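So this one's input-v7.cif, mmCIF, C-alpha atoms:
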```cif
data_entry
#
loop_
_atom_site.label_atom_id
_atom_site.label_comp_id
_atom_site.auth_asym_id
_atom_site.auth_seq_id
_atom_site.Cartn_x
_atom_site.Cartn_y
_atom_site.Cartn_z
CA MET A 1 239.33 10.64 129.61
CA PRO A 2 236.38 12.88 130.39
CA THR A 3 238.02 16.01 129.01
CA SER A 4 234.62 17.65 128.89
CA ALA A 5 234.51 17.34 132.65
CA LEU A 6 237.85 19.06 133.19
CA GLY A 7 237.47 22.35 135.00
CA ASN A 8 234.12 21.15 136.27
CA VAL A 9 233.65 22.04 139.94
CA GLU A 10 231.81 18.84 140.84
CA PHE A 11 234.38 16.66 139.08
CA ASP A 12 237.34 18.24 140.91
CA LEU A 13 235.72 18.27 144.34
CA LEU A 14 234.40 14.72 144.03
CA LEU A 15 237.77 13.49 142.76
CA ALA A 16 239.66 15.22 145.61
CA ALA A 17 237.20 13.79 148.18
CA CYS A 18 237.44 10.26 146.76
CA ALA A 19 241.26 10.55 146.57
CA ALA A 20 241.27 11.60 150.25
CA GLY A 21 239.26 8.48 151.10
CA ALA A 22 241.61 6.32 148.99
CA GLY A 23 244.68 7.84 150.71
CA CYS A 24 243.15 7.42 154.17
CA ILE A 25 242.15 3.77 153.73
CA GLY A 26 245.42 3.01 151.92
CA ALA A 27 247.46 4.39 154.82
CA MET A 28 245.32 2.55 157.40
CA VAL A 29 245.72 -0.85 155.76
CA GLY A 30 249.37 -0.25 154.93
CA LEU A 31 249.18 0.46 151.20
CA GLY A 32 249.58 3.57 149.10
CA GLY A 33 246.47 5.26 147.70
CA GLY A 34 247.28 4.18 144.13
CA ILE A 35 245.74 0.75 144.48
CA PHE A 36 242.32 2.45 144.95
CA LEU A 37 242.92 5.55 142.86
CA VAL A 38 243.38 3.83 139.49
CA PRO A 39 240.11 1.80 139.73
CA LEU A 40 238.32 4.90 141.05
CA LEU A 41 239.46 7.08 138.15
CA THR A 42 238.86 4.46 135.45
CA LEU A 43 235.64 2.80 136.64
CA ALA A 44 233.89 5.72 138.40
CA PHE A 45 235.21 8.75 136.49
CA GLY A 46 235.83 7.17 133.08
CA VAL A 47 239.41 8.46 132.90
CA ASP A 48 241.79 6.74 130.44
CA ILE A 49 243.67 4.07 132.39
CA ARG A 50 247.12 5.42 131.44
CA VAL A 51 246.18 8.92 132.67
CA ALA A 52 244.74 7.32 135.84
CA MET A 53 248.02 5.46 136.37
CA GLY A 54 249.95 8.71 135.90
CA ALA A 55 247.79 10.43 138.54
CA SER A 56 248.30 7.43 140.80
CA LEU A 57 252.11 7.70 140.53
CA VAL A 58 251.90 11.36 141.54
CA ALA A 59 249.71 10.31 144.49
CA VAL A 60 252.18 7.56 145.49
CA ILE A 61 255.01 10.12 145.59
CA GLY A 62 252.76 12.52 147.53
CA THR A 63 251.82 9.84 150.06
CA SER A 64 255.43 8.75 150.59
CA THR A 65 256.65 12.34 150.94
CA GLY A 66 253.68 13.38 153.11
CA ALA A 67 254.29 10.52 155.56
CA ALA A 68 258.01 11.43 155.82
CA ALA A 69 257.11 15.11 156.26
CA VAL A 70 254.83 14.25 159.19
CA ARG A 71 256.80 11.53 160.94
CA GLY A 72 260.25 11.94 159.39
CA THR A 73 262.20 8.96 158.11
CA SER A 74 261.78 6.56 161.00
CA ALA A 75 264.86 5.35 162.84
CA LEU A 76 263.47 1.89 162.05
CA SER A 77 263.91 2.46 158.32
CA ASN A 78 266.90 0.62 156.85
CA GLN A 79 268.17 3.13 154.28
CA ARG A 80 271.01 0.90 153.06
CA VAL A 81 268.63 -1.95 152.23
CA ALA A 82 266.35 0.61 150.52
CA LEU A 83 269.19 1.91 148.33
CA VAL A 84 270.51 -1.53 147.34
CA LEU A 85 267.00 -2.69 146.39
CA GLU A 86 266.07 0.58 144.69
CA VAL A 87 268.85 0.21 142.13
CA ALA A 88 266.90 -2.80 140.82
CA ALA A 89 263.42 -1.39 141.48
CA THR A 90 264.02 1.93 139.67
CA MET A 91 265.52 0.16 136.65
CA GLY A 92 262.53 -2.20 136.61
CA ALA A 93 260.18 0.79 136.86
CA VAL A 94 261.75 2.43 133.80
CA VAL A 95 261.26 -0.82 131.84
CA GLY A 96 257.67 -1.11 133.14
CA ALA A 97 256.83 2.47 132.14
CA LEU A 98 258.23 1.89 128.64
CA LEU A 99 256.09 -1.28 128.41
CA MET A 100 253.07 0.78 129.48
CA THR A 101 253.35 2.79 126.26
CA LEU A 102 253.09 -0.44 124.21
CA VAL A 103 250.36 -2.39 126.03
CA ARG A 104 246.69 -1.87 125.01
CA PRO A 105 244.41 -0.19 127.62
CA GLY A 106 242.12 -3.25 127.82
CA LEU A 107 245.06 -5.48 128.64
CA LEU A 108 246.30 -2.97 131.24
CA LEU A 109 242.87 -3.18 132.95
CA ILE A 110 243.09 -6.99 133.02
CA LEU A 111 246.67 -6.90 134.38
CA PHE A 112 245.67 -4.34 137.00
CA GLY A 113 242.76 -6.55 138.10
CA ALA A 114 245.12 -9.53 138.39
CA VAL A 115 247.59 -7.50 140.48
CA LEU A 116 244.70 -6.37 142.74
CA LEU A 117 243.80 -10.03 143.35
CA LEU A 118 247.46 -10.78 144.15
CA THR A 119 247.56 -7.77 146.49
CA ALA A 120 244.42 -9.02 148.28
CA ALA A 121 245.98 -12.48 148.70
CA LEU A 122 249.30 -11.09 149.98
CA SER A 123 247.55 -8.61 152.30
CA ALA A 124 245.45 -11.41 153.80
CA ARG A 125 248.59 -13.33 154.74
CA ARG A 126 250.13 -10.22 156.32
CA ASP A 127 248.07 -10.79 159.48
CA HIS A 128 251.00 -12.73 160.84
CA ASP A 129 253.84 -10.73 162.29
CA SER A 130 256.93 -12.83 161.91
CA ALA A 131 258.65 -13.25 165.24
CA LEU A 132 262.20 -11.96 165.26
CA GLN A 133 264.39 -15.02 165.00
CA GLU A 134 268.10 -15.30 165.52
CA LEU A 135 269.47 -15.96 162.03
CA PRO A 136 273.10 -16.32 160.98
CA PRO A 137 274.66 -13.40 159.09
CA ASN A 138 274.61 -13.54 155.29
CA ARG A 139 277.99 -12.94 153.63
CA LEU A 140 276.81 -10.50 150.95
CA ALA A 141 274.52 -8.66 153.36
CA ARG A 142 277.42 -8.32 155.75
CA ARG A 143 279.72 -6.94 153.05
CA LEU A 144 277.03 -4.41 152.12
CA ARG A 145 276.48 -3.58 155.82
CA LEU A 146 272.72 -4.25 155.56
CA ASP A 147 272.17 -5.69 159.05
CA GLY A 148 270.45 -3.49 161.61
CA THR A 149 268.77 -3.36 164.99
CA VAL A 150 265.13 -3.15 166.03
CA ASP A 151 263.58 -2.33 169.39
CA GLY A 152 262.21 -5.39 171.16
CA PRO A 153 260.60 -5.87 174.59
CA ASP A 154 264.08 -6.39 176.09
CA GLY A 155 265.75 -3.46 174.32
CA PRO A 156 267.39 -3.19 170.89
CA ARG A 157 267.96 -6.51 169.11
CA PRO A 158 270.15 -7.03 166.06
CA TYR A 159 268.74 -8.65 162.92
CA HIS A 160 270.66 -10.20 160.04
CA VAL A 161 269.36 -9.57 156.53
CA GLN A 162 269.09 -12.80 154.50
CA ARG A 163 269.12 -13.58 150.76
CA PRO A 164 269.77 -10.10 149.32
CA ILE A 165 269.89 -11.54 145.77
CA ALA A 166 266.32 -12.91 146.13
CA GLY A 167 265.26 -9.48 147.45
CA ILE A 168 266.87 -7.72 144.48
CA ALA A 169 265.16 -10.11 142.02
CA THR A 170 261.74 -9.58 143.63
CA MET A 171 262.33 -5.84 143.67
CA THR A 172 263.04 -5.83 139.93
CA VAL A 173 259.62 -7.45 139.37
CA ALA A 174 258.04 -4.95 141.80
CA GLY A 175 259.61 -2.12 139.81
CA VAL A 176 258.28 -3.41 136.48
CA VAL A 177 254.78 -3.80 138.00
CA SER A 178 255.01 -0.29 139.47
CA GLY A 179 256.02 1.31 136.16
CA LEU A 180 253.58 -0.75 134.10
CA LEU A 181 250.53 -0.20 136.31
CA GLY A 182 251.28 3.12 138.05
CA ILE A 183 251.24 1.80 141.60
CA GLY A 184 253.80 1.81 144.43
CA SER A 185 254.03 -2.02 144.62
CA GLY A 186 254.42 -1.67 148.38
CA VAL A 187 252.95 -5.14 148.97
CA LEU A 188 255.61 -6.79 146.80
CA LYS A 189 258.34 -4.73 148.47
CA VAL A 190 257.22 -5.76 151.95
CA LEU A 191 256.97 -9.36 150.72
CA ALA A 192 260.60 -9.23 149.51
CA MET A 193 261.94 -7.76 152.76
CA ASP A 194 259.69 -9.59 155.21
CA THR A 195 259.55 -13.05 153.62
CA PHE A 196 262.70 -13.42 151.52
CA MET A 197 265.16 -11.19 153.37
CA ARG A 198 263.67 -12.05 156.77
CA MET A 199 263.70 -8.47 158.00
CA PRO A 200 261.37 -7.55 160.89
CA PHE A 201 257.90 -6.67 159.58
CA ARG A 202 257.90 -3.14 161.06
CA VAL A 203 261.29 -2.39 159.51
CA SER A 204 260.02 -3.71 156.14
CA THR A 205 256.94 -1.48 156.15
CA VAL A 206 258.72 1.78 157.06
CA THR A 207 261.56 1.04 154.62
CA SER A 208 258.97 0.29 151.93
CA ASN A 209 257.34 3.70 152.47
CA PHE A 210 260.62 5.42 151.52
CA MET A 211 261.13 3.09 148.56
CA VAL A 212 257.72 3.45 146.88
CA GLY A 213 258.34 7.16 146.29
CA LEU A 214 261.69 6.47 144.59
CA THR A 215 260.27 3.70 142.38
CA ALA A 216 257.30 5.87 141.36
CA ALA A 217 259.67 8.75 140.54
CA ALA A 218 261.65 6.52 138.15
CA SER A 219 258.61 5.89 135.93
CA VAL A 220 256.73 9.18 136.37
CA GLY A 221 259.16 10.98 134.01
CA ILE A 222 258.24 8.57 131.20
CA TYR A 223 254.51 9.04 131.91
CA TRP A 224 255.09 12.82 131.86
CA SER A 225 256.98 12.68 128.54
CA HIS A 226 254.16 10.64 126.95
CA GLY A 227 251.48 13.09 128.12
CA LYS A 228 250.01 10.67 130.65
CA ILE A 229 250.29 13.08 133.58
CA ASP A 230 247.26 15.35 133.30
CA PRO A 231 248.18 18.13 135.77
CA HIS A 232 244.53 18.85 136.52
CA ILE A 233 243.56 15.25 137.36
CA ALA A 234 246.90 14.58 139.09
CA GLY A 235 246.58 17.87 141.01
CA ALA A 236 243.03 17.15 142.22
CA SER A 237 244.12 13.63 143.23
CA LEU A 238 247.21 14.99 145.01
CA VAL A 239 245.34 17.56 147.13
CA GLY A 240 243.02 14.77 148.26
CA VAL A 241 245.34 11.84 148.73
CA VAL A 242 248.11 13.57 150.75
CA PRO A 243 245.87 14.88 153.59
CA GLY A 244 243.91 11.60 153.40
CA ALA A 245 247.09 9.57 153.92
CA MET A 246 248.15 11.83 156.79
CA LEU A 247 244.73 11.32 158.42
CA GLY A 248 245.00 7.56 157.86
CA SER A 249 248.47 7.48 159.49
CA TRP A 250 246.98 9.28 162.52
CA LEU A 251 243.86 7.07 162.68
CA VAL A 252 245.71 3.78 162.32
CA HIS A 253 246.50 3.54 166.05
CA ARG A 254 243.04 4.73 167.10
CA VAL A 255 240.62 2.36 165.35
CA ASP A 256 240.07 -1.39 165.22
CA LEU A 257 241.57 -2.40 161.91
CA ARG A 258 240.28 -5.98 161.76
CA LEU A 259 236.85 -5.15 160.32
CA LEU A 260 238.33 -2.47 158.08
CA ARG A 261 240.90 -4.91 156.71
CA LEU A 262 238.21 -7.51 155.99
CA LEU A 263 236.05 -4.93 154.16
CA PHE A 264 239.14 -3.71 152.31
CA LEU A 265 239.98 -7.21 151.10
CA LEU A 266 236.41 -7.82 149.92
CA ALA A 267 236.37 -4.44 148.16
CA LEU A 268 239.70 -5.20 146.52
CA VAL A 269 238.42 -8.52 145.13
CA GLY A 270 235.20 -6.83 143.89
CA ILE A 271 237.13 -4.02 142.18
CA ALA A 272 239.59 -6.52 140.66
CA ILE A 273 236.74 -8.52 139.09
CA GLN A 274 235.16 -5.31 137.74
CA MET A 275 238.46 -4.22 136.19
CA ILE A 276 239.06 -7.60 134.58
CA VAL A 277 235.50 -7.65 133.16
CA GLN A 278 235.91 -4.08 131.85
CA GLY A 279 239.29 -5.01 130.34
CA VAL A 280 237.88 -8.09 128.58
CA ARG A 281 235.02 -5.93 127.18
CA ASP A 282 237.50 -3.32 125.92
CA GLU A 283 239.68 -5.98 124.33
CA ARG A 284 236.67 -7.58 122.60
CA SER A 285 235.39 -4.24 121.30
CA SER A 286 238.86 -3.31 119.99
CA ASP A 287 239.07 -6.73 118.27
CA THR A 288 235.63 -6.19 116.72
CA LEU A 289 236.61 -2.70 115.58
CA GLY A 290 239.85 -4.07 114.12
CA ALA A 291 237.94 -6.79 112.24
CA GLU A 292 235.47 -4.21 110.84
CA VAL A 293 238.31 -1.94 109.70
CA ALA A 294 240.00 -4.93 108.04
CA ARG A 295 236.75 -5.74 106.20
CA MET B 1 286.08 -2.01 156.24
CA ASN B 2 282.70 -3.47 157.16
CA GLU B 3 282.12 -1.10 160.03
CA ARG B 4 278.60 0.34 159.83
CA ARG B 5 278.55 4.10 160.30
CA GLU B 6 275.12 5.49 161.12
CA LEU B 7 273.60 8.60 159.60
CA PRO B 8 273.70 11.61 161.95
CA THR B 9 270.45 12.38 163.84
CA ARG B 10 270.50 15.86 162.28
CA TYR B 11 269.80 14.25 158.86
CA GLY B 12 266.30 13.19 160.00
CA HIS B 13 265.46 16.68 161.29
CA VAL B 14 266.71 18.41 158.15
CA GLU B 15 264.88 15.94 155.88
CA ARG B 16 261.59 16.39 157.74
CA SER B 17 261.83 20.20 157.67
CA VAL B 18 262.67 20.31 153.97
CA LEU B 19 259.90 17.84 153.04
CA ARG B 20 257.36 19.73 155.16
CA ALA B 21 258.21 22.97 153.37
CA ILE B 22 258.04 21.40 149.88
CA THR B 23 254.82 19.49 150.61
CA ALA B 24 253.13 22.61 151.99
CA LEU B 25 254.26 24.72 149.04
CA SER B 26 253.28 22.06 146.50
CA LEU B 27 249.80 21.60 147.99
CA ALA B 28 249.30 25.38 148.33
CA LEU B 29 250.21 26.01 144.68
CA THR B 30 248.09 23.11 143.44
CA ILE B 31 245.06 24.14 145.50
CA ALA B 32 245.46 27.78 144.41
CA GLY B 33 245.69 26.77 140.76
CA LEU B 34 242.65 24.47 140.97
CA ALA B 35 240.67 27.13 142.86
CA ILE B 36 241.44 29.84 140.28
CA ASP B 37 240.58 27.43 137.46
CA LEU B 38 237.27 26.53 139.09
CA ALA B 39 236.35 30.09 140.03
CA ARG B 40 236.87 31.41 136.51
CA GLU B 41 235.45 28.26 134.80
CA GLY B 42 237.76 28.40 131.82
CA GLU B 43 241.17 27.87 130.30
CA GLN B 44 243.27 29.94 132.66
CA ALA B 45 246.91 29.72 131.66
CA SER B 46 248.13 31.07 135.01
CA ALA B 47 245.98 28.57 136.92
CA ARG B 48 247.29 25.67 134.82
CA THR B 49 250.86 26.85 135.42
CA LEU B 50 250.29 26.95 139.18
CA VAL B 51 248.95 23.38 139.14
CA ARG B 52 251.86 22.23 136.94
CA VAL B 53 254.43 23.82 139.27
CA GLY B 54 252.68 22.38 142.35
CA VAL B 55 252.59 18.85 140.89
CA GLY B 56 256.16 19.24 139.54
CA LEU B 57 257.44 20.25 142.98
CA MET B 58 255.92 17.11 144.48
CA LEU B 59 257.48 14.98 141.73
CA ALA B 60 260.89 16.44 142.60
CA THR B 61 260.73 15.38 146.27
CA PRO B 62 262.23 11.87 145.78
CA LEU B 63 265.28 13.49 144.16
CA VAL B 64 265.48 16.00 147.02
CA ARG B 65 265.39 13.11 149.51
CA LEU B 66 268.18 11.37 147.60
CA LEU B 67 270.21 14.58 147.53
CA LEU B 68 269.92 14.95 151.32
CA LEU B 69 270.75 11.27 151.81
CA GLY B 70 273.76 11.61 149.49
CA VAL B 71 275.05 14.61 151.47
CA ALA B 72 274.59 12.63 154.70
CA TYR B 73 276.59 9.66 153.32
CA VAL B 74 279.35 11.99 152.10
CA GLY B 75 279.39 13.45 155.62
CA ILE B 76 280.14 10.04 157.14
CA ARG B 77 282.49 9.15 154.26
CA ASP B 78 280.44 6.15 153.16
CA TRP B 79 281.47 6.14 149.51
CA LEU B 80 279.68 2.90 148.54
CA TYR B 81 276.29 4.29 149.54
CA THR B 82 277.12 7.73 148.15
CA ALA B 83 277.65 5.95 144.81
CA LEU B 84 274.39 4.00 145.16
CA VAL B 85 272.49 7.23 145.88
CA ALA B 86 274.01 8.75 142.73
CA LEU B 87 273.10 5.66 140.68
CA VAL B 88 269.44 5.65 141.83
CA ALA B 89 269.22 9.41 141.20
CA ALA B 90 270.67 8.91 137.71
CA VAL B 91 268.08 6.22 136.88
CA ILE B 92 265.25 8.50 138.10
CA ALA B 93 266.63 11.47 136.14
CA SER B 94 266.98 9.31 133.01
CA GLY B 95 263.20 8.73 133.07
CA PHE B 96 262.63 12.49 132.87
CA LEU B 97 265.44 13.19 130.38
CA PHE B 98 265.01 10.33 127.92
CA GLY B 99 261.39 9.24 128.53
#
```
Can you give me the file's structure in the form of structure tokens?
Amino acid sequence: MPTSALGNVEFDLLLAACAAGAGCIGAMVGLGGGIFLVPLLTLAFGVDIRVAMGASLVAVIGTSTGAAAVRGTSALSNQRVALVLEVAATMGAVVGALLMTLVRPGLLLILFGAVLLLTAALSARRDHDSALQELPPNRLARRLRLDGTVDGPDGPRPYHVQRPIAGIATMTVAGVVSGLLGIGSGVLKVLAMDTFMRMPFRVSTVTSNFMVGLTAAASVGIYWSHGKIDPHIAGASLVGVVPGAMLGSWLVHRVDLRLLRLLFLLALVGIAIQMIVQGVRDERSSDTLGAEVAR
Amino acid sequence: MNERRELPTRYGHVERSVLRAITALSLALTIAGLAIDLAREGEQASARTLVRVGVGLMLATPLVRLLLLGVAYVGIRDWLYTALVALVAAVIASGFLFG
């Protein structure tokens, strides 16, 4: 962590500006700012990855809250599905955050790079918008009253939530990934709701926005207790990422997203490779250091 | 038993107003703290406290959202989802209390 840079005007302003860009692009392509913020803080600013992940969790909560403060919780959002899945996701996030305290920073970089590659792959397949199909009701989903309605061209149409157990299992993994790597895991959440539970894509994305804040909150306490939330870095990131995400939410209906999405995917792959390379270097140097100490 | 009762429309309005107020206050405190810290170029305890409170307020918003949601479910007597809200809030609080 560049502690020498703390309190430095250029550092704070540059960090806030970059966080605003991360929040804006994240909101435009349907992700939280965290996926960009962690690589930005570690690769560009030289911040310790765990502190970067702590700042990212604060930014994820800020983005989720900021979006709800601007637009309100959309009528599309399925709060019951969110709550059922969040029981698993928050528990997973606590486990992930505890794992974070045990895993070496080099390995965290490699894992983060791998998750970025997975995010790029899943985002690329999100170009499809699954057509709303008539599906039979699921017994468990019915008992939990998870089914809902969504506006279609011919008025409101009901949808039946499928495979809630598969959704809960995926959400547990999403929670562990969120706690371990300090991200919202929005892509995995949308995957669970859209693909496994067969919910309409728009409902999945707005429900996911509510959920990422809850999942991040479950692990942020553990980061805070272990001194991984640097208020200065988290604060500078927060004041950038929240207005950035609000701007992105406003711009999303006003610009052509196809080129932006392509550039975003290429950038994500490039950043992932850089993080993996940096992680392998860190792991090698820590092995070398360990061998020298042993000698 | 399986009848789905919807949350009242008022819940959305209240949630948005509360979140707007907290977000504005959190950002204002954080910006003020950072600005004081930068202007005086040093270890300013008051500036650090402002930033801490600003960030802390933002971290509390998911629990505030759960509290509002819990009140809304109590209002429509949906005890299953009131219990789920309490469970999620307990897991989140456990991270802060036992982390």
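The gap separating CA of Gly54 in chain A from CA of Ile229 in chain A is 5.0 Å, in Å to one decimal.
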Next on the checklist: When you count all atoms listed in the file, which of these residues is closest to chain A: B:Leu19, B:Leu57, B:Val64, B:Ala45?
Outcome noted: B:Leu19
Residue IDs satisfying the PyMOL selection byres ((chain B and resi 51-53) around 12), as a PDB file with C-alpha atoms, in the frame of the given file:
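Done, and the output landed in expr.pdb:
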```pdb
ATOM      1  CA  VAL A  58     251.900  11.360 141.540  1.00  0.00           C
ATOM      2  CA  TRP A 224     255.090  12.820 131.860  1.00  0.00           C
ATOM      3  CA  ILE A 229     250.290  13.080 133.580  1.00  0.00           C
ATOM      4  CA  ASP A 230     247.260  15.350 133.300  1.00  0.00           C
ATOM      5  CA  PRO A 231     248.180  18.130 135.770  1.00  0.00           C
ATOM      6  CA  HIS A 232     244.530  18.850 136.520  1.00  0.00           C
ATOM      7  CA  ILE A 233     243.560  15.250 137.360  1.00  0.00           C
ATOM      8  CA  ALA A 234     246.900  14.580 139.090  1.00  0.00           C
ATOM      9  CA  GLY A 235     246.580  17.870 141.010  1.00  0.00           C
ATOM     10  CA  ALA A 236     243.030  17.150 142.220  1.00  0.00           C
ATOM     11  CA  SER A 237     244.120  13.630 143.230  1.00  0.00           C
ATOM     12  CA  LEU A 238     247.210  14.990 145.010  1.00  0.00           C
ATOM     13  CA  VAL A 239     245.340  17.560 147.130  1.00  0.00           C
TER      14      VAL A 239
ATOM     15  CA  ILE B  22     258.040  21.400 149.880  1.00  0.00           C
ATOM     16  CA  LEU B  25     254.260  24.720 149.040  1.00  0.00           C
ATOM     17  CA  SER B  26     253.280  22.060 146.500  1.00  0.00           C
ATOM     18  CA  LEU B  27     249.800  21.600 147.990  1.00  0.00           C
ATOM     19  CA  ALA B  28     249.300  25.380 148.330  1.00  0.00           C
ATOM     20  CA  LEU B  29     250.210  26.010 144.680  1.00  0.00           C
ATOM     21  CA  THR B  30     248.090  23.110 143.440  1.00  0.00           C
ATOM     22  CA  ILE B  31     245.060  24.140 145.500  1.00  0.00           C
ATOM     23  CA  ALA B  32     245.460  27.780 144.410  1.00  0.00           C
ATOM     24  CA  GLY B  33     245.690  26.770 140.760  1.00  0.00           C
ATOM     25  CA  LEU B  34     242.650  24.470 140.970  1.00  0.00           C
ATOM     26  CA  ALA B  35     240.670  27.130 142.860  1.00  0.00           C
ATOM     27  CA  ILE B  36     241.440  29.840 140.280  1.00  0.00           C
ATOM     28  CA  ASP B  37     240.580  27.430 137.460  1.00  0.00           C
ATOM     29  CA  GLN B  44     243.270  29.940 132.660  1.00  0.00           C
ATOM     30  CA  ALA B  45     246.910  29.720 131.660  1.00  0.00           C
ATOM     31  CA  SER B  46     248.130  31.070 135.010  1.00  0.00           C
ATOM     32  CA  ALA B  47     245.980  28.570 136.920  1.00  0.00           C
ATOM     33  CA  ARG B  48     247.290  25.670 134.820  1.00  0.00           C
ATOM     34  CA  THR B  49     250.860  26.850 135.420  1.00  0.00           C
ATOM     35  CA  LEU B  50     250.290  26.950 139.180  1.00  0.00           C
ATOM     36  CA  GLY B  54     252.680  22.380 142.350  1.00  0.00           C
ATOM     37  CA  VAL B  55     252.590  18.850 140.890  1.00  0.00           C
ATOM     38  CA  GLY B  56     256.160  19.240 139.540  1.00  0.00           C
ATOM     39  CA  LEU B  57     257.440  20.250 142.980  1.00  0.00           C
ATOM     40  CA  MET B  58     255.920  17.110 144.480  1.00  0.00           C
ATOM     41  CA  LEU B  59     257.480  14.980 141.730  1.00  0.00           C
ATOM     42  CA  ALA B  60     260.890  16.440 142.600  1.00  0.00           C
TER      43      ALA B  60
END
```
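With distances taken over only C-alpha atoms, A:Met100 is the one residue among A:Leu37, A:Met100, A:Leu43, A:Leu263 lying closest to chain B.
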Checklist entry - When the PyMOL selection byres ((chain B) within 8 of (chain A)) is applied to the file above, which residues end up in the set, as JSON, numbers by chain? => result {"B": [2, 3, 4, 12, 13, 15, 16, 17, 18, 19, 20, 23, 27, 30, 31, 34, 37, 38, 41, 42, 48, 51, 52, 54, 55, 58, 59, 61, 62, 63, 81, 84, 85, 87, 88, 91, 92, 93, 94, 95, 96, 97, 98, 99]}
Could you add all heavy atoms to range 211-216 of chain A and give me the result as a PDB file, keeping the file's coordinate frame?
```pdb
ATOM      1  N   MET A 211     260.811   3.646 149.876  1.00  0.00           N
ATOM      2  CA  MET A 211     261.130   3.090 148.560  1.00  0.00           C
ATOM      3  C   MET A 211     260.062   3.352 147.505  1.00  0.00           C
ATOM      4  O   MET A 211     260.386   3.571 146.337  1.00  0.00           O
ATOM      5  CB  MET A 211     261.358   1.576 148.698  1.00  0.00           C
ATOM      6  CG  MET A 211     262.609   1.235 149.491  1.00  0.00           C
ATOM      7  SD  MET A 211     262.713  -0.514 149.830  1.00  0.00           S
ATOM      8  CE  MET A 211     262.890  -1.141 148.172  1.00  0.00           C
ATOM      9  N   VAL A 212     258.781   3.308 147.896  1.00  0.00           N
ATOM     10  CA  VAL A 212     257.720   3.450 146.880  1.00  0.00           C
ATOM     11  C   VAL A 212     257.811   4.802 146.170  1.00  0.00           C
ATOM     12  O   VAL A 212     257.544   4.903 144.967  1.00  0.00           O
ATOM     13  CB  VAL A 212     256.288   3.229 147.438  1.00  0.00           C
ATOM     14  CG1 VAL A 212     256.066   1.787 147.825  1.00  0.00           C
ATOM     15  CG2 VAL A 212     255.968   4.156 148.575  1.00  0.00           C
ATOM     16  N   GLY A 213     258.211   5.836 146.902  1.00  0.00           N
ATOM     17  CA  GLY A 213     258.340   7.160 146.290  1.00  0.00           C
ATOM     18  C   GLY A 213     259.446   7.184 145.238  1.00  0.00           C
ATOM     19  O   GLY A 213     259.289   7.772 144.167  1.00  0.00           O
ATOM     20  N   LEU A 214     260.578   6.511 145.540  1.00  0.00           N
ATOM     21  CA  LEU A 214     261.690   6.470 144.590  1.00  0.00           C
ATOM     22  C   LEU A 214     261.303   5.681 143.334  1.00  0.00           C
ATOM     23  O   LEU A 214     261.589   6.101 142.207  1.00  0.00           O
ATOM     24  CB  LEU A 214     262.930   5.835 145.237  1.00  0.00           C
ATOM     25  CG  LEU A 214     263.541   6.561 146.435  1.00  0.00           C
ATOM     26  CD1 LEU A 214     264.740   5.786 146.968  1.00  0.00           C
ATOM     27  CD2 LEU A 214     263.981   7.968 146.053  1.00  0.00           C
ATOM     28  N   THR A 215     260.650   4.533 143.536  1.00  0.00           N
ATOM     29  CA  THR A 215     260.270   3.700 142.380  1.00  0.00           C
ATOM     30  C   THR A 215     259.281   4.454 141.491  1.00  0.00           C
ATOM     31  O   THR A 215     259.400   4.443 140.262  1.00  0.00           O
ATOM     32  CB  THR A 215     259.629   2.370 142.855  1.00  0.00           C
ATOM     33  OG1 THR A 215     260.439   1.812 143.882  1.00  0.00           O
ATOM     34  CG2 THR A 215     259.500   1.382 141.731  1.00  0.00           C
ATOM     35  N   ALA A 216     258.306   5.112 142.133  1.00  0.00           N
ATOM     36  CA  ALA A 216     257.300   5.870 141.360  1.00  0.00           C
ATOM     37  C   ALA A 216     257.984   6.998 140.585  1.00  0.00           C
ATOM     38  O   ALA A 216     257.633   7.269 139.426  1.00  0.00           O
ATOM     39  CB  ALA A 216     256.237   6.424 142.293  1.00  0.00           C
TER      40      ALA A 216
END
```
